[in-house]
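Chemist: The following block contains the structure, expressed as structure tokens.
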Amino acid sequence: MRDFSYLRANSLDAARQAAALPGAMLLAGGTTLIDLAKCGVAEPETLVDITHLEGLDKIEVSERGVIIGALARMGHVADHAGIRSRFPAVSEALWQAASAQIRNMATIGGNLMQRTRCPYFRDPANFSACNKREPGSGCSAIGGVTRGHAVLGTSDACIAMYPGDLAVALVAFDATVHLGERQVSVDDFFLLPGSTPNREHAIEPGEMITAIEIPGSAAARRSTYLKIRDRQSYEFAAASAAVGIEFEADGRTIRDLRVALGGVATKPWRARAVEAALIGKVWEPDTVRAASLLAVEGAVDHGANHYKIELAPRVVARAILKMGETV
Amino acid sequence: MTSLPITLTINGHRHELEVEPRVTLLDALRDRLGLTGTKKGCDHGQCGACTVHVDGERVLACLTLAAQAEGRTVTTIEGLAREGELHPVQAAFLEQDAFQCGYCTTGQIMSAVACIREGHAGSDEEIREYMAGNLCRCGAYPHIVAAVRQAALEVQS
């Protein structure tokens, strides 16, 4: 790991100013950044440690929803009683992510800034071509080993998968990212790779995530996060789904439905076609399974990741069926 | 880069040292302070061998900068026993033969102590989920789960 200078920020403004300088990066839990510095992917000249800032780790639940401070740590949010009761999919996405140790370190703001696990991106010593690392250098994954790569939202420049879980639940429930004065929807915060896969987030130099806000809803209250992976625990998703549902008074007709996918796309992927096909319909297993196929409309595989196109609709269907079981 | 003077509080003792900013807590513990009970496995946050407690919570020392730990309270495996008496989790690992080569064991024990304290050792299934961040290449998992289960019952009673 290349050496850098270390600066401990004493205030939010000081942190933002220091991080805006060339070569500077914010350091929170460090679970992505220190790892990538060791891989030779991140080469900061200055790390601005924000973990000692006070007041940014609060979890405030109200009738309107919840505001979670950027420095709240994943494990604490997962175990928070208000999150578990009003946003079960958020709690489940968090506790099924990473390990207990990493969840104690990693912050909510840092989680949104998590980078892809694409093995070519992570290995500059052996793979010099990576448009995400070095714009215009090419993509080593296309034509390479692609079992863990995206099938949705890809481009000719990049097929790296977005690996996170939390943001999948956030995008399902219309959460927003607070960047100081400015707020951006989580859906807009994550960018498609297009021709600029090096740019992943709609955040400008000098900006810092201060909180995320999730509006409360009946669908969020009746929600789940289903994560399917190669091993039972401590693994990234092969395919996952955040699903929330609200029924009409008859208990059978779907009034509201939220569906988002993880493990299959280049960003947290809201599956609006599935929602549109089922809202207003009577919850019924065959209808749910047929609509779930719309989750992978437009999917493109690169060989070894073809299984995701079959797996993702099944994960979506299983999650919707699980949420309607008490009907 | 210039070195950074830092003060670390580890197992109740204050240590003053100078480190390059890039030095991890793991390397500071092992190479500078001689506390080699904390192990370096993958050095990338994937194996759990370097698990220590910072302010009472389990974290990975390989992804924590030593400088970040200044002002925090650090506990390592060397600080677990009290007056020569093993911590109940250490004793349970011995009784249940919960290791083979022993390399992952100190991380497993530090993780288990926190797992029980967090209230995540309520069933074998829960223990397996919340101990998933500690890999054991010898595959001693059934005995590790048994040791955590035994220690959890002892600590709670």
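Labels used: A, B, ... for chains in the order of the structure tokens, numbers from 1 for residues in each chain, and numbers from 1 for ligands as shown.
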Give me, as a PyMOL selection string, the residues of chain A touching chain B, with the criterion being at most 10 Å (counting only C-alpha atoms).
Modeler: chain A and resi 1-8+27-39+45-47+49-52+79+95-96+98-106+232-235
Chemist: Would you export the selected residues with N, CA and C atoms as a CSV table (one decimal), in the first residue's frame, please?
Modeler:
```csv
chain,number,residue,atom,x,y,z
A,1,MET,N,0.9,-1.2,0.0
A,1,MET,CA,0.0,0.0,0.0
A,1,MET,C,0.9,1.2,0.0
A,2,ARG,N,0.6,2.1,-1.0
A,2,ARG,CA,1.4,3.4,-1.0
A,2,ARG,C,1.1,4.2,0.2
A,3,ASP,N,2.0,5.0,0.7
A,3,ASP,CA,1.8,5.8,1.8
A,3,ASP,C,1.0,7.0,1.5
A,4,PHE,N,0.3,7.6,2.5
A,4,PHE,CA,-0.5,8.8,2.3
A,4,PHE,C,-0.4,9.6,3.5
A,5,SER,N,-0.9,10.8,3.5
A,5,SER,CA,-1.0,11.6,4.8
A,5,SER,C,-2.4,11.4,5.4
A,6,TYR,N,-2.4,11.5,6.7
A,6,TYR,CA,-3.6,11.2,7.5
A,6,TYR,C,-4.1,12.5,8.2
A,7,LEU,N,-5.3,12.8,8.0
A,7,LEU,CA,-5.9,14.0,8.6
A,7,LEU,C,-7.2,13.7,9.3
A,8,ARG,N,-7.3,14.1,10.6
A,8,ARG,CA,-8.5,13.8,11.3
A,8,ARG,C,-9.4,15.0,11.2
A,27,LEU,N,-12.3,9.0,4.6
A,27,LEU,CA,-12.1,7.7,5.2
A,27,LEU,C,-13.2,7.5,6.3
A,28,ALA,N,-14.1,6.6,6.1
A,28,ALA,CA,-15.0,6.3,7.2
A,28,ALA,C,-14.6,4.9,7.8
A,29,GLY,N,-15.5,3.9,7.6
A,29,GLY,CA,-15.1,2.5,8.1
A,29,GLY,C,-13.9,1.9,7.5
A,30,GLY,N,-13.6,2.3,6.3
A,30,GLY,CA,-12.4,1.8,5.6
A,30,GLY,C,-12.4,0.5,5.0
A,31,THR,N,-13.6,-0.2,5.1
A,31,THR,CA,-13.7,-1.6,4.7
A,31,THR,C,-13.5,-1.8,3.2
A,32,THR,N,-13.9,-0.7,2.4
A,32,THR,CA,-13.6,-0.7,1.0
A,32,THR,C,-12.3,0.0,0.7
A,33,LEU,N,-12.1,1.1,1.2
A,33,LEU,CA,-11.0,2.0,0.8
A,33,LEU,C,-9.6,1.4,1.2
A,34,ILE,N,-9.5,0.9,2.4
A,34,ILE,CA,-8.2,0.4,2.8
A,34,ILE,C,-7.9,-0.9,2.0
A,35,ASP,N,-8.9,-1.7,1.8
A,35,ASP,CA,-8.8,-2.9,1.0
A,35,ASP,C,-8.3,-2.5,-0.4
A,36,LEU,N,-9.0,-1.5,-1.0
A,36,LEU,CA,-8.6,-1.2,-2.4
A,36,LEU,C,-7.2,-0.5,-2.5
A,37,ALA,N,-6.8,0.2,-1.4
A,37,ALA,CA,-5.5,0.8,-1.3
A,37,ALA,C,-4.5,-0.3,-1.3
A,38,LYS,N,-4.8,-1.4,-0.6
A,38,LYS,CA,-3.8,-2.6,-0.6
A,38,LYS,C,-3.8,-3.3,-1.9
A,39,CYS,N,-4.9,-3.2,-2.7
A,39,CYS,CA,-4.9,-3.8,-4.0
A,39,CYS,C,-4.2,-3.0,-5.0
A,45,GLU,N,-3.7,10.4,-1.8
A,45,GLU,CA,-2.5,11.1,-1.3
A,45,GLU,C,-2.8,11.5,0.2
A,46,THR,N,-4.1,11.8,0.4
A,46,THR,CA,-4.5,12.2,1.8
A,46,THR,C,-5.8,11.4,2.1
A,47,LEU,N,-5.8,10.9,3.3
A,47,LEU,CA,-7.1,10.3,3.8
A,47,LEU,C,-7.6,11.3,4.9
A,49,ASP,N,-10.0,11.4,7.8
A,49,ASP,CA,-10.8,10.5,8.7
A,49,ASP,C,-12.0,11.2,9.3
A,50,ILE,N,-13.2,10.7,8.9
A,50,ILE,CA,-14.4,11.4,9.4
A,50,ILE,C,-15.0,10.6,10.6
A,51,THR,N,-14.4,9.5,11.0
A,51,THR,CA,-15.1,8.6,12.0
A,51,THR,C,-15.2,9.3,13.4
A,52,HIS,N,-14.5,10.3,13.6
A,52,HIS,CA,-14.5,11.0,14.9
A,52,HIS,C,-15.5,12.2,15.0
A,79,ASP,N,-29.9,-3.8,13.6
A,79,ASP,CA,-30.5,-4.3,14.8
A,79,ASP,C,-31.4,-3.3,15.4
A,95,TRP,N,-28.2,-7.2,7.6
A,95,TRP,CA,-27.6,-8.2,8.4
A,95,TRP,C,-27.1,-9.4,7.5
A,96,GLN,N,-27.7,-9.4,6.3
A,96,GLN,CA,-27.2,-10.5,5.3
A,96,GLN,C,-26.0,-10.1,4.5
A,98,ALA,N,-22.0,-8.8,4.2
A,98,ALA,CA,-20.6,-8.9,4.8
A,98,ALA,C,-20.6,-9.8,6.1
A,99,SER,N,-19.8,-9.4,7.1
A,99,SER,CA,-19.7,-10.1,8.3
A,99,SER,C,-20.0,-9.2,9.4
A,100,ALA,N,-20.2,-9.8,10.6
A,100,ALA,CA,-20.5,-8.9,11.8
A,100,ALA,C,-19.4,-7.9,12.0
A,101,GLN,N,-18.1,-8.3,11.8
A,101,GLN,CA,-17.0,-7.4,12.1
A,101,GLN,C,-17.1,-6.2,11.1
A,102,ILE,N,-17.3,-6.6,9.8
A,102,ILE,CA,-17.3,-5.5,8.8
A,102,ILE,C,-18.5,-4.6,9.0
A,103,ARG,N,-19.7,-5.2,9.5
A,103,ARG,CA,-20.9,-4.4,9.7
A,103,ARG,C,-20.6,-3.4,10.9
A,104,ASN,N,-19.8,-3.8,11.8
A,104,ASN,CA,-19.4,-2.9,13.0
A,104,ASN,C,-18.6,-1.7,12.5
A,105,MET,N,-17.8,-1.9,11.4
A,105,MET,CA,-16.9,-0.9,10.9
A,105,MET,C,-17.6,0.0,9.9
A,106,ALA,N,-18.3,-0.6,8.9
A,106,ALA,CA,-18.8,0.0,7.7
A,106,ALA,C,-19.9,1.0,8.1
A,232,GLN,N,-24.1,-20.0,2.2
A,232,GLN,CA,-25.2,-19.5,3.0
A,232,GLN,C,-25.0,-18.1,3.5
A,233,SER,N,-23.8,-17.8,3.9
A,233,SER,CA,-23.5,-16.5,4.6
A,233,SER,C,-22.2,-15.9,4.1
A,234,TYR,N,-22.0,-14.6,4.4
A,234,TYR,CA,-20.8,-13.9,4.1
A,234,TYR,C,-20.4,-14.1,2.7
A,235,GLU,N,-21.3,-13.7,1.8
A,235,GLU,CA,-21.1,-13.8,0.3
A,235,GLU,C,-21.9,-12.8,-0.4
```
Chemist: Using DSSP on the backbone coordinates, identify the residues of chain B assigned to strand (DSSP E); present them as a list in words.
Modeler: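 Matching residues, listed in order: Leu4, Pro5, Ile6, Thr7, Leu8, Thr9, Ile10, His13, Arg14, His15, Glu16, Leu17, Glu18, Val19, Thr51, Val52, His53, Val54, Glu57, Arg58, Val59, Leu60, Thr73, Val74 and Thr75 of chain B.
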Chemist: For Ala147 in chain B, list every protein, DNA or RNA residue within 6 Å, evaluated using only C-alpha atoms, and leave out those in the same chain fewer than 3 positions away; present the list as a PyMOL selection string.
Modeler: chain B and resi 92-93+96+144+150
Chemist: With C-alpha atoms kept, could you save the residues just selected as a PDB file, in the first residue's frame?
Modeler:
```
ATOM      1  CA  ALA B  92     -14.987 -23.479  26.107  1.00  0.00           C
ATOM      2  CA  PHE B  93     -12.749 -23.619  23.010  1.00  0.00           C
ATOM      3  CA  GLN B  96     -14.812 -28.494  22.989  1.00  0.00           C
ATOM      4  CA  ILE B 144     -16.546 -23.964  17.211  1.00  0.00           C
ATOM      5  CA  GLN B 150     -21.446 -23.634  25.743  1.00  0.00           C
TER       6      GLN B 150
END
```
Chemist: What's the 7 Å shell around range 296-305 of chain A, counting only C-alpha atoms, without same-chain residues fewer than 4 positions away, as number ranges by chain?
Modeler: A: 146-149, 151-152, 309, 313
Chemist: Got time to write the residues from that selection, N, CA and C atoms, as a PDB file, in the first residue's frame?
Modeler:
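Output below, filename out.pdb:
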```pdb
ATOM      1  N   THR A 146     -16.900 -14.437 -16.390  1.00  0.00           N
ATOM      2  CA  THR A 146     -17.981 -13.465 -16.145  1.00  0.00           C
ATOM      3  C   THR A 146     -19.051 -13.964 -15.176  1.00  0.00           C
ATOM      4  N   ARG A 147     -18.800 -15.021 -14.450  1.00  0.00           N
ATOM      5  CA  ARG A 147     -19.865 -15.610 -13.644  1.00  0.00           C
ATOM      6  C   ARG A 147     -20.493 -14.596 -12.683  1.00  0.00           C
ATOM      7  N   GLY A 148     -19.689 -13.665 -12.191  1.00  0.00           N
ATOM      8  CA  GLY A 148     -20.210 -12.706 -11.216  1.00  0.00           C
ATOM      9  C   GLY A 148     -20.555 -11.345 -11.815  1.00  0.00           C
ATOM     10  N   HIS A 149     -20.646 -11.259 -13.106  1.00  0.00           N
ATOM     11  CA  HIS A 149     -20.873  -9.942 -13.726  1.00  0.00           C
ATOM     12  C   HIS A 149     -22.346  -9.681 -14.021  1.00  0.00           C
ATOM     13  N   VAL A 151     -25.952  -8.531 -15.748  1.00  0.00           N
ATOM     14  CA  VAL A 151     -26.718  -8.816 -16.975  1.00  0.00           C
ATOM     15  C   VAL A 151     -27.668  -7.659 -17.306  1.00  0.00           C
ATOM     16  N   LEU A 152     -27.805  -6.714 -16.388  1.00  0.00           N
ATOM     17  CA  LEU A 152     -28.685  -5.556 -16.607  1.00  0.00           C
ATOM     18  C   LEU A 152     -27.880  -4.275 -16.441  1.00  0.00           C
ATOM     19  N   ILE A 309     -30.065 -14.611 -15.381  1.00  0.00           N
ATOM     20  CA  ILE A 309     -31.295 -14.224 -16.087  1.00  0.00           C
ATOM     21  C   ILE A 309     -32.430 -15.187 -15.730  1.00  0.00           C
ATOM     22  N   PRO A 313     -35.697 -13.734 -11.830  1.00  0.00           N
ATOM     23  CA  PRO A 313     -37.173 -13.741 -11.748  1.00  0.00           C
ATOM     24  C   PRO A 313     -37.705 -14.718 -10.699  1.00  0.00           C
TER      25      PRO A 313
END
```
Chemist: Which of these residues is nearest to Thr36 in chain B, using only C-alpha atoms: B:Asn11, B:Thr76, B:Ser123, B:Ser157?
Modeler: B:Thr76
Chemist: Using Å and a single decimal, report how far CA of Glu60 in chain A sits from CA of Val243 in chain A.
Modeler: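 Atom-to-atom, CA of Val243 in chain A and CA of Glu60 in chain A are spaced 23.0 Å apart.
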Chemist: For the atom pair CA of His306 in chain A and CA of Ala93 in chain A, what is the interatomic distance in Å to one decimal place?
Modeler: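 That distance, rounded to one decimal, is 24.1 Å.
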Chemist: Hey, which of A:Leu311, A:Met113, A:Ile214, A:Ala241 ends up closest to Arg86 in chain A? Count only C-alpha atoms.
Modeler: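 That would be A:Ile214, the residue with the smallest distance to Arg86 in chain A.
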Chemist: As an exercise, work out the distance from CA of Val41 in chain A to CA of Ser137 in chain A in Å and give it to one decimal place.
Modeler: 14.4 Å
Chemist: If you count only C-alpha atoms, which residues fall within 10 Å of Ala72 in chain A, apart from same-chain ones fewer than 4 positions away, as a ChimeraX atom specification?
Modeler: /A:51,55-59,68,76-77,104-110,211
Chemist: Have a look at A:Ile83, A:Ala249, A:Val61, A:Cys139 and name the one nearest to Ser155 in chain A; count only C-alpha atoms.
Modeler: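 Among A:Ile83, A:Ala249, A:Val61, A:Cys139, it is A:Cys139 that comes nearest to Ser155 in chain A.
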Chemist: When DSSP is applied to the backbone of this structure, which of range 139-235 of chain A are assigned helix (DSSP H, G or I)? Write them out as a list of chain:residue names.
Modeler: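 Listing helix (DSSP H, G or I) positions across range 139-235 of chain A yields A:Leu166, A:Ala167, A:Val168, A:Ala169, A:Leu170, A:Val171, A:Ala172, A:Val186, A:Asp187, A:Asp188, A:Phe189, A:Ala218, A:Ala219, A:Ala220, A:Arg221.
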Chemist: Write out the residues from the selection above, keeping C-alpha atoms, as a JSON list (two decimals), in the first residue's frame.
Modeler:
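Written out: selection_2.json:
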```json
[["chain", "number", "residue", "atom", "x", "y", "z"],
["A", 166, "LEU", "CA", -28.62, -2.03, 1.37],
["A", 167, "ALA", "CA", -29.03, 0.24, -1.67],
["A", 168, "VAL", "CA", -31.25, -2.37, -3.33],
["A", 169, "ALA", "CA", -33.72, -2.03, -0.46],
["A", 170, "LEU", "CA", -33.28, 1.77, -0.49],
["A", 171, "VAL", "CA", -34.11, 2.09, -4.18],
["A", 172, "ALA", "CA", -37.24, -0.03, -3.71],
["A", 186, "VAL", "CA", -30.95, 6.78, -4.48],
["A", 187, "ASP", "CA", -31.99, 5.77, -8.00],
["A", 188, "ASP", "CA", -30.31, 8.90, -9.42],
["A", 189, "PHE", "CA", -27.35, 8.70, -7.04],
["A", 218, "ALA", "CA", -47.25, 0.33, 4.12],
["A", 219, "ALA", "CA", -45.16, -1.50, 1.51],
["A", 220, "ALA", "CA", -41.94, -0.80, 3.43],
["A", 221, "ARG", "CA", -43.54, -2.15, 6.59]]
```
Chemist: Identify which of the residues A:Thr154, A:Ser85, A:Ser195, A:Ser128 lies closest to Thr224 in chain A, counting only C-alpha atoms when measuring atom-to-atom distances.
Modeler: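 The shortest atom-to-atom distance to Thr224 in chain A comes from A:Ser85.
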Chemist: Using only C-alpha atoms, which residue out of B:Gly139, B:Gly56, B:Gly34, B:Gly79 lies closest to Cys104 in chain B?
Modeler: B:Gly139
Chemist: Need to verify the contact set: Asp286 in chain A, 12 Å, only C-alpha atoms, exclusion of same-chain residues closer than 6 positions in sequence. Can you return it as JSON, numbers by chain?
Modeler: {"A": [278, 292, 293, 314, 317, 318, 320, 321]}
Chemist: Could you list, as an mmCIF file with C-alpha atoms, in the first residue's frame, every residue within 9 Å of Thr210 in chain A, counting only C-alpha atoms and ignoring same-chain residues fewer than 4 positions away?
Modeler:
```cif
data_model
loop_
_atom_site.group_PDB
_atom_site.id
_atom_site.type_symbol
_atom_site.label_atom_id
_atom_site.label_comp_id
_atom_site.auth_asym_id
_atom_site.auth_seq_id
_atom_site.Cartn_x
_atom_site.Cartn_y
_atom_site.Cartn_z
ATOM 1 C CA LEU A 12 -18.161 18.654 8.699
ATOM 2 C CA LEU A 56 -23.661 11.989 12.266
ATOM 3 C CA ILE A 68 -30.105 7.606 9.151
ATOM 4 C CA GLY A 69 -26.883 9.546 9.731
ATOM 5 C CA ALA A 70 -24.045 8.816 7.317
ATOM 6 C CA LEU A 71 -21.781 7.536 10.089
ATOM 7 C CA GLY A 109 -22.573 6.619 3.851
ATOM 8 C CA VAL A 177 -29.309 10.645 -0.199
ATOM 9 C CA HIS A 178 -28.594 13.868 1.723
ATOM 10 C CA LEU A 179 -25.487 15.613 0.406
ATOM 11 C CA GLY A 180 -25.511 18.514 2.831
#
```
Chemist: Of the residues A:Leu192, A:Ala273, A:Leu94, A:Val316, which is the one nearest to Ala239 in chain A, using only C-alpha atoms?
Modeler: A:Val316
